[in-house]
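> So that you have it, the file is model.txt, and it contains compact mmCIF, C-alpha atoms:
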# COMPACT_ATOMS: atom_id res chain seq x y z
CA MET E 9 -8.35 18.94 -20.70
CA ARG E 10 -12.08 18.57 -20.18
CA VAL E 11 -12.76 21.38 -17.75
CA HIS E 12 -15.54 21.59 -15.25
CA TRP E 13 -15.70 23.29 -11.90
CA ASN E 14 -15.89 21.88 -8.42
CA ARG E 15 -18.24 23.69 -6.06
CA ARG E 16 -15.79 23.17 -3.15
CA CYS E 17 -12.80 24.77 -4.83
CA SER E 18 -12.03 27.12 -7.63
CA VAL E 19 -9.68 24.90 -9.61
CA ALA E 20 -10.46 23.18 -12.86
CA VAL E 21 -11.17 19.55 -12.11
CA PRO E 22 -9.30 17.06 -14.28
CA THR E 23 -10.65 13.66 -15.12
CA LEU E 24 -9.02 10.75 -13.33
CA HIS E 25 -6.98 9.95 -16.41
CA GLU E 26 -5.87 13.54 -16.88
CA LEU E 27 -4.80 13.74 -13.25
CA GLN E 28 -2.72 10.58 -13.51
CA THR E 29 -1.07 11.64 -16.76
CA ASN E 30 -0.27 15.07 -15.29
CA PHE E 31 1.16 13.42 -12.19
CA PHE E 32 3.33 10.99 -14.13
CA ASP E 33 4.62 13.68 -16.49
CA SER E 34 5.35 15.98 -13.56
CA ILE E 35 7.58 13.60 -11.66
CA ALA E 36 8.90 10.87 -13.94
CA ILE E 37 9.89 12.41 -17.27
CA ARG E 38 12.69 14.65 -16.03
CA PRO E 39 13.91 15.43 -12.52
CA GLY E 40 13.42 18.89 -11.12
CA GLU E 41 10.60 21.13 -9.94
CA HIS E 42 10.43 22.98 -13.26
CA CYS E 43 8.85 19.86 -14.79
CA CYS E 44 5.84 19.97 -12.50
CA ARG E 45 2.69 20.79 -14.40
CA ALA E 46 0.67 23.78 -13.27
CA GLU E 47 -2.53 21.72 -13.61
CA LEU E 48 -1.25 19.27 -11.01
CA ILE E 49 -0.02 21.94 -8.60
CA GLU E 50 -3.45 23.56 -8.71
CA CYS E 51 -5.12 20.26 -7.84
CA VAL E 52 -3.02 19.49 -4.78
CA ALA E 53 -4.21 20.75 -1.43
CA SER E 54 -1.79 22.67 0.76
CA GLU E 55 -1.98 21.03 4.15
CA ARG E 56 -0.07 21.40 7.42
CA GLY E 57 1.73 24.47 6.13
CA SER E 58 3.45 22.63 3.30
CA ASP E 59 2.96 23.91 -0.20
CA SER E 60 1.69 21.78 -3.07
CA LEU E 61 5.01 21.65 -4.88
CA LYS E 62 6.79 20.24 -1.82
CA ARG E 63 4.13 17.56 -1.56
CA ILE E 64 4.57 16.55 -5.17
CA ARG E 65 8.34 16.67 -4.75
CA ILE E 66 8.11 13.86 -2.17
CA TYR E 67 6.78 11.55 -4.89
CA ALA E 68 9.28 12.83 -7.46
CA ASP E 69 12.27 12.31 -5.18
CA ALA E 70 11.06 8.82 -4.32
CA TYR E 71 10.76 7.98 -8.03
CA TRP E 72 14.28 9.11 -8.88
CA LEU E 73 15.78 7.52 -5.77
CA ARG E 74 14.21 4.17 -6.72
CA LEU E 75 15.60 4.53 -10.23
CA LEU E 76 19.06 5.38 -8.93
CA ASP E 77 18.94 2.49 -6.49
CA VAL E 78 18.21 0.05 -9.32
CA LEU E 79 20.86 1.54 -11.60
CA GLN E 80 23.46 1.49 -8.84
CA ALA E 81 23.66 -2.28 -8.92
CA ASP E 82 24.56 -2.68 -12.61
CA PHE E 83 25.43 0.79 -13.88
CA PRO E 84 27.14 2.67 -11.01
CA ALA E 85 28.76 5.31 -13.22
CA LEU E 86 25.45 6.13 -14.89
CA ALA E 87 23.76 6.22 -11.50
CA ARG E 88 26.40 8.63 -10.21
CA GLU E 89 25.93 11.03 -13.12
CA LEU E 90 22.15 10.80 -13.02
CA GLY E 91 22.26 11.34 -9.28
CA LYS E 92 24.13 14.61 -9.68
CA PHE E 93 21.66 15.70 -12.30
CA CYS E 94 18.39 14.83 -10.65
CA ILE E 95 18.83 15.27 -6.92
CA GLY E 96 21.99 17.23 -6.63
CA HIS E 97 24.16 14.67 -4.91
CA ASP E 98 26.14 11.57 -5.68
CA ALA E 99 24.07 8.41 -6.10
CA GLY E 100 26.72 6.56 -4.16
CA THR E 101 25.46 8.25 -1.05
CA VAL E 102 21.81 7.48 -1.70
CA MET M 26 -19.91 -9.84 4.17
CA LEU M 27 -16.45 -11.29 4.45
CA ASN M 28 -15.91 -14.94 5.14
CA LEU M 29 -12.17 -15.21 5.71
CA PRO M 30 -10.16 -17.45 8.03
CA ASN M 31 -8.21 -15.95 10.92
CA PRO M 32 -4.72 -17.47 10.91
CA GLY M 33 -3.47 -15.12 13.67
CA HIS M 34 -0.49 -12.78 13.56
CA GLY M 35 1.82 -13.19 10.60
CA VAL M 36 5.04 -11.86 9.16
CA GLY M 37 5.92 -10.77 5.64
CA LEU M 38 8.11 -13.40 3.98
CA ARG M 39 11.33 -11.88 2.66
CA PRO M 40 14.33 -13.60 0.98
CA ALA M 41 16.58 -12.72 3.94
CA HIS M 42 14.64 -15.25 6.02
CA PHE M 43 14.09 -17.99 3.42
CA ALA M 44 16.68 -20.34 4.88
CA GLN M 45 15.39 -20.06 8.44
CA VAL M 46 11.79 -20.51 7.42
CA LEU M 47 12.65 -23.60 5.40
CA ASP M 48 14.75 -25.25 8.10
CA GLY M 49 11.94 -24.68 10.59
CA SER M 50 13.84 -22.32 12.85
CA ALA M 51 11.66 -19.35 11.85
CA ARG M 52 7.97 -19.97 12.38
CA ALA M 53 5.04 -17.60 12.24
CA ASP M 54 1.27 -18.02 12.32
CA TRP M 55 1.20 -17.19 8.61
CA PHE M 56 3.18 -15.49 5.89
CA GLU M 57 2.30 -12.77 3.40
CA VAL M 58 4.20 -12.65 0.12
CA ILE M 59 4.37 -10.08 -2.66
CA SER M 60 2.32 -11.72 -5.41
CA GLU M 61 4.35 -10.36 -8.32
CA ASN M 62 7.56 -11.98 -7.02
CA TYR M 63 6.02 -15.41 -7.53
CA MET M 64 3.89 -14.93 -10.66
CA ILE M 65 6.31 -16.99 -12.69
CA ALA M 66 6.26 -20.46 -14.21
CA GLY M 67 8.97 -21.92 -11.98
CA GLY M 68 12.27 -21.25 -10.26
CA ARG M 69 13.62 -21.20 -6.74
CA PRO M 70 11.31 -18.53 -5.25
CA LEU M 71 8.24 -20.50 -6.29
CA GLN M 72 9.71 -23.74 -4.93
CA ILE M 73 10.39 -22.00 -1.63
CA LEU M 74 6.87 -20.59 -1.53
CA GLU M 75 5.38 -24.04 -2.02
CA ARG M 76 7.51 -25.41 0.81
CA VAL M 77 6.46 -22.55 3.06
CA ARG M 78 2.84 -23.14 2.10
CA ALA M 79 3.18 -26.73 3.29
CA VAL M 80 3.84 -25.57 6.85
CA ALA M 81 1.86 -22.32 7.21
CA PRO M 82 -1.01 -20.36 5.60
CA VAL M 83 0.07 -17.92 2.89
CA VAL M 84 -1.58 -14.71 1.69
CA LEU M 85 -0.91 -13.08 -1.70
CA HIS M 86 -0.38 -9.32 -1.50
CA GLY M 87 -0.05 -7.48 -4.81
CA VAL M 88 1.54 -4.13 -5.54
CA SER M 89 0.74 -3.51 -9.21
CA MET M 90 -2.85 -4.46 -10.01
CA ASN M 91 -3.43 -0.76 -10.69
CA LEU M 92 -6.99 -0.82 -9.39
CA GLY M 93 -7.20 2.96 -9.50
CA GLY M 94 -5.51 3.34 -12.85
CA CYS M 95 -7.26 4.15 -16.11
CA ASP M 96 -5.41 1.67 -18.29
CA PRO M 97 -7.42 -1.50 -18.98
CA LEU M 98 -7.02 -4.22 -16.38
CA ARG M 99 -4.28 -6.57 -17.61
CA ASP M 100 -5.76 -9.94 -18.38
CA ASP M 101 -2.33 -11.60 -18.49
CA TYR M 102 -1.55 -10.23 -15.04
CA LEU M 103 -4.83 -11.51 -13.64
CA GLY M 104 -4.32 -14.85 -15.38
CA ASP M 105 -0.89 -15.24 -13.79
CA LEU M 106 -2.28 -14.25 -10.39
CA LEU M 107 -5.09 -16.76 -10.75
CA ALA M 108 -2.61 -19.49 -11.68
CA LEU M 109 -0.51 -18.66 -8.63
CA ALA M 110 -3.60 -18.68 -6.43
CA ARG M 111 -4.57 -22.11 -7.70
CA ARG M 112 -1.05 -23.32 -6.97
CA VAL M 113 -0.61 -22.03 -3.41
CA GLU M 114 -4.27 -21.70 -2.32
CA PRO M 115 -3.80 -18.46 -0.39
CA ALA M 116 -6.03 -17.64 2.54
CA TRP M 117 -6.92 -14.46 0.65
CA ILE M 118 -5.59 -12.03 -1.97
CA SER M 119 -5.05 -8.31 -1.51
CA ASP M 120 -3.82 -5.25 -3.38
CA HIS M 121 -3.83 -1.48 -2.92
CA LEU M 122 -6.41 1.25 -3.34
CA CYS M 123 -4.26 3.41 -5.57
CA TRP M 124 -2.99 3.86 -9.10
CA CYS M 125 0.51 2.87 -10.16
CA ALA M 126 0.55 3.16 -13.96
CA THR M 127 -0.88 5.39 -16.64
CA ASP M 128 -0.77 5.12 -20.43
CA GLY M 129 1.25 1.92 -20.09
CA ARG M 130 3.92 3.61 -17.98
CA PHE M 131 4.57 2.21 -14.49
CA ILE M 132 5.66 4.49 -11.70
CA HIS M 133 6.47 1.71 -9.19
CA ASP M 134 4.78 3.53 -6.35
CA LEU M 135 1.38 3.52 -4.69
CA MET M 136 -0.08 6.78 -5.95
CA PRO M 137 -2.96 8.58 -4.25
CA LEU M 138 -6.41 8.77 -5.78
CA PRO M 139 -8.77 11.73 -5.55
CA PHE M 140 -11.76 10.89 -3.39
CA THR M 141 -14.40 11.67 -5.97
CA GLU M 142 -17.54 10.02 -7.32
CA GLU M 143 -15.74 9.36 -10.61
CA ALA M 144 -12.89 7.52 -8.90
CA LEU M 145 -15.30 5.68 -6.64
CA ARG M 146 -17.35 4.30 -9.52
CA HIS M 147 -14.25 3.54 -11.57
CA VAL M 148 -12.44 1.60 -8.85
CA SER M 149 -15.53 -0.24 -7.66
CA GLU M 150 -16.22 -1.51 -11.17
CA ARG M 151 -12.62 -2.67 -11.61
CA ILE M 152 -12.62 -4.50 -8.27
CA ARG M 153 -15.84 -6.28 -9.24
CA ARG M 154 -14.23 -7.39 -12.49
CA VAL M 155 -11.08 -8.57 -10.71
CA GLN M 156 -13.15 -10.54 -8.22
CA ASP M 157 -15.12 -12.14 -11.06
CA ARG M 158 -11.86 -13.12 -12.76
CA LEU M 159 -10.28 -14.51 -9.60
CA GLY M 160 -13.49 -16.12 -8.37
CA ARG M 161 -13.14 -14.68 -4.89
CA GLN M 162 -13.39 -11.49 -2.87
CA ILE M 163 -10.21 -9.48 -2.52
CA LEU M 164 -9.05 -7.06 0.18
CA ILE M 165 -8.05 -3.52 -0.75
CA GLU M 166 -5.46 -1.65 1.31
CA ASN M 167 -5.38 2.03 2.19
CA VAL M 168 -2.05 3.54 1.14
CA SER M 169 0.16 6.13 2.81
CA SER M 170 -0.16 9.51 1.18
CA TYR M 171 1.77 12.75 1.21
CA LEU M 172 -0.85 14.92 -0.39
CA GLY M 173 -4.58 15.31 -0.92
CA TYR M 174 -6.49 16.77 -3.85
CA ARG M 175 -8.54 19.93 -3.68
CA HIS M 176 -11.28 18.41 -5.79
CA SER M 177 -11.90 15.45 -3.46
CA THR M 178 -15.51 15.48 -2.36
CA MET M 179 -15.35 12.98 0.50
CA THR M 180 -12.96 11.76 3.16
CA GLU M 181 -10.62 8.85 2.56
CA TRP M 182 -12.54 6.68 4.99
CA GLU M 183 -15.82 7.48 3.25
CA PHE M 184 -14.16 6.63 -0.05
CA ILE M 185 -12.75 3.23 0.95
CA SER M 186 -15.85 2.29 2.93
CA THR M 187 -18.19 3.04 0.06
CA ILE M 188 -15.98 1.16 -2.40
CA SER M 189 -15.93 -1.89 -0.13
CA GLN M 190 -19.72 -1.88 -0.16
CA GLU M 191 -20.16 -1.07 -3.85
CA ALA M 192 -17.65 -3.73 -4.91
CA ASP M 193 -18.45 -6.14 -2.07
CA CYS M 194 -14.78 -6.50 -1.21
CA GLY M 195 -12.87 -6.46 2.04
CA ILE M 196 -10.49 -3.90 3.53
CA LEU M 197 -6.89 -4.50 4.49
CA LEU M 198 -6.52 -1.75 7.05
CA ASP M 199 -2.91 -0.64 7.23
CA VAL M 200 -2.71 1.01 10.62
CA ASN M 201 0.66 2.59 9.93
CA ASN M 202 -0.63 4.05 6.68
CA VAL M 203 -3.58 5.60 8.49
CA TYR M 204 -1.18 7.16 10.99
CA VAL M 205 1.25 8.41 8.33
CA SER M 206 -1.50 9.88 6.16
CA ALA M 207 -3.20 11.45 9.18
CA PHE M 208 0.04 13.18 10.15
CA ASN M 209 0.79 14.31 6.61
CA ARG M 210 -2.70 15.49 5.73
CA GLY M 211 -3.88 16.66 9.11
CA PHE M 212 -6.83 14.44 9.97
CA ASP M 213 -7.68 12.46 13.10
CA PRO M 214 -6.67 8.79 12.68
CA LEU M 215 -9.30 7.72 15.20
CA GLU M 216 -11.98 9.40 13.11
CA TYR M 217 -10.68 7.35 10.19
CA LEU M 218 -11.07 4.08 12.11
CA ASP M 219 -14.52 5.07 13.32
CA GLY M 220 -15.56 5.65 9.71
CA ILE M 221 -14.67 2.15 8.54
CA PRO M 222 -17.47 -0.45 8.72
CA ARG M 223 -16.76 -3.20 11.24
CA ASP M 224 -17.77 -6.03 8.94
CA ARG M 225 -15.41 -5.12 6.07
CA VAL M 226 -11.97 -5.31 7.68
CA GLY M 227 -10.26 -8.63 7.02
CA GLN M 228 -6.67 -7.86 7.95
CA PHE M 229 -4.42 -5.31 9.65
CA HIS M 230 -1.00 -4.27 8.41
CA LEU M 231 1.59 -3.06 10.90
CA ALA M 232 4.86 -1.40 9.90
CA GLY M 233 7.35 1.28 10.81
CA HIS M 234 7.83 4.72 9.29
CA THR M 235 10.44 7.47 9.21
CA ASN M 236 9.97 11.00 10.50
CA ALA M 237 11.34 13.37 7.85
CA GLY M 238 10.61 16.44 9.96
CA THR M 239 7.90 18.05 7.88
CA HIS M 240 6.23 14.74 7.08
CA LEU M 241 6.27 11.02 7.81
CA VAL M 242 7.48 8.55 5.20
CA ASP M 243 6.14 5.02 4.96
CA THR M 244 9.55 3.37 4.79
CA HIS M 245 8.91 -0.06 6.39
CA ASP M 246 12.47 0.07 7.71
CA HIS M 247 11.85 0.61 11.41
CA PRO M 248 10.00 -1.20 14.18
CA VAL M 249 6.36 -0.24 14.65
CA SER M 250 6.17 3.07 16.53
CA ALA M 251 4.46 3.50 19.89
CA GLU M 252 1.85 5.73 18.26
CA VAL M 253 0.97 3.09 15.68
CA TRP M 254 0.71 0.44 18.39
CA GLU M 255 -1.79 2.70 20.16
CA LEU M 256 -3.76 3.07 16.96
CA TYR M 257 -3.67 -0.70 16.49
CA ARG M 258 -5.12 -1.04 19.99
CA ALA M 259 -7.95 1.27 18.96
CA GLY M 260 -8.41 -0.85 15.84
CA VAL M 261 -8.76 -4.03 17.87
CA ILE M 262 -11.28 -2.32 20.11
CA ARG M 263 -13.34 -1.32 17.08
CA PHE M 264 -12.92 -4.30 14.76
CA GLY M 265 -12.24 -7.18 17.16
CA LYS M 266 -10.11 -10.21 16.44
CA ILE M 267 -8.58 -9.56 13.03
CA PRO M 268 -5.41 -11.18 11.64
CA SER M 269 -2.41 -8.86 11.59
CA LEU M 270 0.72 -8.84 9.47
CA LEU M 271 4.07 -7.32 10.37
CA GLU M 272 5.71 -5.74 7.29
CA ARG M 273 9.42 -4.97 6.91
CA ASP M 274 10.93 -4.20 3.52
CA ASP M 275 14.25 -2.57 4.34
CA ASN M 276 16.81 -2.64 7.14
CA ILE M 277 15.51 -6.16 7.72
CA PRO M 278 16.33 -7.44 11.22
CA PRO M 279 16.75 -11.03 12.43
CA PHE M 280 13.52 -12.97 12.09
CA ALA M 281 13.16 -13.22 15.87
CA GLU M 282 12.78 -9.45 16.05
CA LEU M 283 9.90 -9.45 13.58
CA LEU M 284 8.32 -12.36 15.36
CA GLY M 285 8.61 -10.38 18.59
CA GLU M 286 6.54 -7.60 17.04
CA ALA M 287 3.95 -10.11 15.80
CA ASP M 288 3.82 -11.50 19.32
CA HIS M 289 3.31 -7.97 20.63
CA ALA M 290 0.30 -7.62 18.33
CA ARG M 291 -1.07 -10.87 19.73
CA ALA M 292 -0.50 -9.70 23.31
CA LEU M 293 -2.24 -6.37 22.65
CA GLU M 294 -5.16 -8.16 21.07
CA SER M 295 -5.48 -10.50 24.06
CA GLU M 296 -5.20 -7.57 26.45
CA VAL M 297 -7.97 -5.67 24.66
CA LEU M 298 -10.31 -8.58 24.02
CA GLY M 299 -9.49 -10.61 27.13
CA GLY M 300 -11.31 -13.91 27.22
CA CYS M 301 -13.10 -13.05 23.99
CA ALA M 302 -9.87 -13.11 21.96
CA ASP M 303 -10.05 -16.80 21.17
CA ALA M 304 -13.77 -16.87 20.56
CA ALA M 305 -14.19 -14.15 17.98
Would you write out, as structure tokens, the structure that this file holds?

Amino acid sequence: MRVHWNRRCSVAVPTLHELQTNFFDSIAIRPGEHCCRAELIECVASERGSDSLKRIRIYADAYWLRLLDVLQADFPALARELGKFCIGHDAGTV
Amino acid sequence: MLNLPNPGHGVGLRPAHFAQVLDGSARADWFEVISENYMIAGGRPLQILERVRAVAPVVLHGVSMNLGGCDPLRDDYLGDLLALARRVEPAWISDHLCWCATDGRFIHDLMPLPFTEEALRHVSERIRRVQDRLGRQILIENVSSYLGYRHSTMTEWEFISTISQEADCGILLDVNNVYVSAFNRGFDPLEYLDGIPRDRVGQFHLAGHTNAGTHLVDTHDHPVSAEVWELYRAGVIRFGKIPSLLERDDNIPPFAELLGEADHARALESEVLGGCADAA
């Protein structure tokens, strides 16, 4: 990461490309909060009392729900198993 | 400056309403379609689009141009879009101010950009290149967001306004997205509208959202909320007579219900602008 510092905050500022790669890898490689990169969490502002991880989780959940929705049509058994794994409930109820 | 027609108050064309639109029982001032669904050489959807185009203006609205992404602009994508535009002669073409792919990997979502000088220069340059390729100005839409970045150095409205001037493009102002983002990120939606230049807005989007308790989600599966209608009213006061488009992507109701919401937009516009509504 090419690091420089923003005068308005104390976090290392990623380039646009680094930010997007961090974001993608945090939400779309594997489900679960443990996959979220620290560099991304540090970049996300905590607003309205919600922490950064919860904000990122909104995008992650949406990604996996879209994937499950698509799989449900042609591969319902796979969707069901993936659903248990990634969001903790049966894809059939998505 | 924008030089776009004003076809009135339209509805997003969805497959659930194809039959009614084609038999003439479902009419709207104009229709917006998702560009990517028709960027194909042939087939039934394209035939339907051409028949719709014969009876009403059509606008092409893209979801994957990846204007804010760092991957090279896809020349095949732009070539297909240009071919579609030549075929259906849309009133205008729009896409989103966001990123949706990185390193060749698509996320199928409208991802938020940081509001930085780097992003501003990057997106402006890409919009200019797209416009050169398409031979026309495009409109860029503000997206709903669920987070902001600590390293942003300007507001979202400063960001989109400056890009519209740097790239000489128009703005598709999604009123629901302004409301959703304002709720989620804690800014004043009226301040957002006041920060957008009057001469850059070429279209409004109207849609419904879902209240998830801690945040609002831009689901497009509900009628437009009372709060968003109020914000639309403020938008008409600021920007004047601008074409609007009612979006619904899930829980799609009978066409008459959507048309009723488009008619409500028309009524609000007339109420705000009075006798000036037809002259603007």
> Report as a PDB file with C-alpha atoms, in the coordinates of the input the set of chain M residues whose atoms approach chain E to within 12 Å, with distances computed over all atoms listed in the file.

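And here is the file that came out, selection-v8.pdb:
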ATOM      1  CA  ASN M  91      -3.430  -0.760 -10.690  1.00  0.00           C
ATOM      2  CA  GLY M  93      -7.200   2.960  -9.500  1.00  0.00           C
ATOM      3  CA  GLY M  94      -5.510   3.340 -12.850  1.00  0.00           C
ATOM      4  CA  CYS M  95      -7.260   4.150 -16.110  1.00  0.00           C
ATOM      5  CA  ASP M  96      -5.410   1.670 -18.290  1.00  0.00           C
ATOM      6  CA  PRO M  97      -7.420  -1.500 -18.980  1.00  0.00           C
ATOM      7  CA  CYS M 123      -4.260   3.410  -5.570  1.00  0.00           C
ATOM      8  CA  TRP M 124      -2.990   3.860  -9.100  1.00  0.00           C
ATOM      9  CA  CYS M 125       0.510   2.870 -10.160  1.00  0.00           C
ATOM     10  CA  ALA M 126       0.550   3.160 -13.960  1.00  0.00           C
ATOM     11  CA  THR M 127      -0.880   5.390 -16.640  1.00  0.00           C
ATOM     12  CA  ASP M 128      -0.770   5.120 -20.430  1.00  0.00           C
ATOM     13  CA  GLY M 129       1.250   1.920 -20.090  1.00  0.00           C
ATOM     14  CA  ARG M 130       3.920   3.610 -17.980  1.00  0.00           C
ATOM     15  CA  PHE M 131       4.570   2.210 -14.490  1.00  0.00           C
ATOM     16  CA  ILE M 132       5.660   4.490 -11.700  1.00  0.00           C
ATOM     17  CA  HIS M 133       6.470   1.710  -9.190  1.00  0.00           C
ATOM     18  CA  ASP M 134       4.780   3.530  -6.350  1.00  0.00           C
ATOM     19  CA  LEU M 135       1.380   3.520  -4.690  1.00  0.00           C
ATOM     20  CA  MET M 136      -0.080   6.780  -5.950  1.00  0.00           C
ATOM     21  CA  PRO M 137      -2.960   8.580  -4.250  1.00  0.00           C
ATOM     22  CA  LEU M 138      -6.410   8.770  -5.780  1.00  0.00           C
ATOM     23  CA  PRO M 139      -8.770  11.730  -5.550  1.00  0.00           C
ATOM     24  CA  PHE M 140     -11.760  10.890  -3.390  1.00  0.00           C
ATOM     25  CA  THR M 141     -14.400  11.670  -5.970  1.00  0.00           C
ATOM     26  CA  GLU M 142     -17.540  10.020  -7.320  1.00  0.00           C
ATOM     27  CA  GLU M 143     -15.740   9.360 -10.610  1.00  0.00           C
ATOM     28  CA  ALA M 144     -12.890   7.520  -8.900  1.00  0.00           C
ATOM     29  CA  LEU M 145     -15.300   5.680  -6.640  1.00  0.00           C
ATOM     30  CA  ARG M 146     -17.350   4.300  -9.520  1.00  0.00           C
ATOM     31  CA  HIS M 147     -14.250   3.540 -11.570  1.00  0.00           C
ATOM     32  CA  VAL M 148     -12.440   1.600  -8.850  1.00  0.00           C
ATOM     33  CA  SER M 169       0.160   6.130   2.810  1.00  0.00           C
ATOM     34  CA  SER M 170      -0.160   9.510   1.180  1.00  0.00           C
ATOM     35  CA  TYR M 171       1.770  12.750   1.210  1.00  0.00           C
ATOM     36  CA  LEU M 172      -0.850  14.920  -0.390  1.00  0.00           C
ATOM     37  CA  GLY M 173      -4.580  15.310  -0.920  1.00  0.00           C
ATOM     38  CA  TYR M 174      -6.490  16.770  -3.850  1.00  0.00           C
ATOM     39  CA  ARG M 175      -8.540  19.930  -3.680  1.00  0.00           C
ATOM     40  CA  HIS M 176     -11.280  18.410  -5.790  1.00  0.00           C
ATOM     41  CA  SER M 177     -11.900  15.450  -3.460  1.00  0.00           C
ATOM     42  CA  THR M 178     -15.510  15.480  -2.360  1.00  0.00           C
ATOM     43  CA  MET M 179     -15.350  12.980   0.500  1.00  0.00           C
ATOM     44  CA  SER M 206      -1.500   9.880   6.160  1.00  0.00           C
ATOM     45  CA  ALA M 207      -3.200  11.450   9.180  1.00  0.00           C
ATOM     46  CA  PHE M 208       0.040  13.180  10.150  1.00  0.00           C
ATOM     47  CA  ASN M 209       0.790  14.310   6.610  1.00  0.00           C
ATOM     48  CA  ARG M 210      -2.700  15.490   5.730  1.00  0.00           C
ATOM     49  CA  GLY M 211      -3.880  16.660   9.110  1.00  0.00           C
ATOM     50  CA  PHE M 212      -6.830  14.440   9.970  1.00  0.00           C
ATOM     51  CA  ALA M 237      11.340  13.370   7.850  1.00  0.00           C
ATOM     52  CA  GLY M 238      10.610  16.440   9.960  1.00  0.00           C
ATOM     53  CA  THR M 239       7.900  18.050   7.880  1.00  0.00           C
ATOM     54  CA  HIS M 240       6.230  14.740   7.080  1.00  0.00           C
ATOM     55  CA  LEU M 241       6.270  11.020   7.810  1.00  0.00           C
ATOM     56  CA  VAL M 242       7.480   8.550   5.200  1.00  0.00           C
ATOM     57  CA  ASP M 243       6.140   5.020   4.960  1.00  0.00           C
ATOM     58  CA  THR M 244       9.550   3.370   4.790  1.00  0.00           C
TER      59      THR M 244
END
> Just how far from atom CA of M:Leu109 is atom CA of M:Gln72, in Å to one decimal?
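It comes out at 12.0 Å.
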> When you count only C-alpha atoms, which of these residues is closest to E:Pro39: E:Cys94, E:Leu76, E:Ala87, E:Ala81?
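Looking only at the distances to E:Pro39, the closest residue turns out to be E:Cys94.
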> Quick one: residues within 10 Å of M:Leu271, only C-alpha atoms, excluding same-chain residues fewer than 3 positions away - as a VMD selection string?
chain M and resid 34 to 38 56 to 57 229 to 233 245 248 to 249 283 to 288 290
> How about saving the chosen residues, C-alpha atoms kept, as a short mmCIF file (atom, residue, chain, number, x, y, z; two decimals), in the coordinates of the input?

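selection-v4.cif was written with the following content:
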data_model
loop_
_atom_site.label_atom_id
_atom_site.label_comp_id
_atom_site.auth_asym_id
_atom_site.auth_seq_id
_atom_site.Cartn_x
_atom_site.Cartn_y
_atom_site.Cartn_z
CA HIS M 34 -0.49 -12.78 13.56
CA GLY M 35 1.82 -13.19 10.60
CA VAL M 36 5.04 -11.86 9.16
CA GLY M 37 5.92 -10.77 5.64
CA LEU M 38 8.11 -13.40 3.98
CA PHE M 56 3.18 -15.49 5.89
CA GLU M 57 2.30 -12.77 3.40
CA PHE M 229 -4.42 -5.31 9.65
CA HIS M 230 -1.00 -4.27 8.41
CA LEU M 231 1.59 -3.06 10.90
CA ALA M 232 4.86 -1.40 9.90
CA GLY M 233 7.35 1.28 10.81
CA HIS M 245 8.91 -0.06 6.39
CA PRO M 248 10.00 -1.20 14.18
CA VAL M 249 6.36 -0.24 14.65
CA LEU M 283 9.90 -9.45 13.58
CA LEU M 284 8.32 -12.36 15.36
CA GLY M 285 8.61 -10.38 18.59
CA GLU M 286 6.54 -7.60 17.04
CA ALA M 287 3.95 -10.11 15.80
CA ASP M 288 3.82 -11.50 19.32
CA ALA M 290 0.30 -7.62 18.33
#
> Pick from M:Ile65, M:Leu159, M:Leu85, M:Ala259: nearest to M:Leu215, with all atoms listed in the file counted?
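Ranked by minimum distance to M:Leu215, first place goes to M:Ala259.
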> Can you measure atom CA of M:Arg291 to atom CA of M:Ala116 for me? One decimal in Å is fine.
19.1 Å
> Work out how far apart atom CA of M:Leu293 and atom CA of M:Asp219 are and give it in Å to one decimal.
19.2 Å
> I need the residue nearest M:Arg69 from this list: M:Tyr217, M:Trp182, M:Phe43, M:Trp55. Use all atoms listed in the file for the distance.
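Looking at the shortest contact to M:Arg69, the residue is M:Phe43.
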> Hey, what's within 12 Å of M:Asp48 if we count all atoms listed in the file and toss same-chain stuff fewer than 6 positions away? As a ChimeraX atom specification, please?
/M:42,73,76-77,80
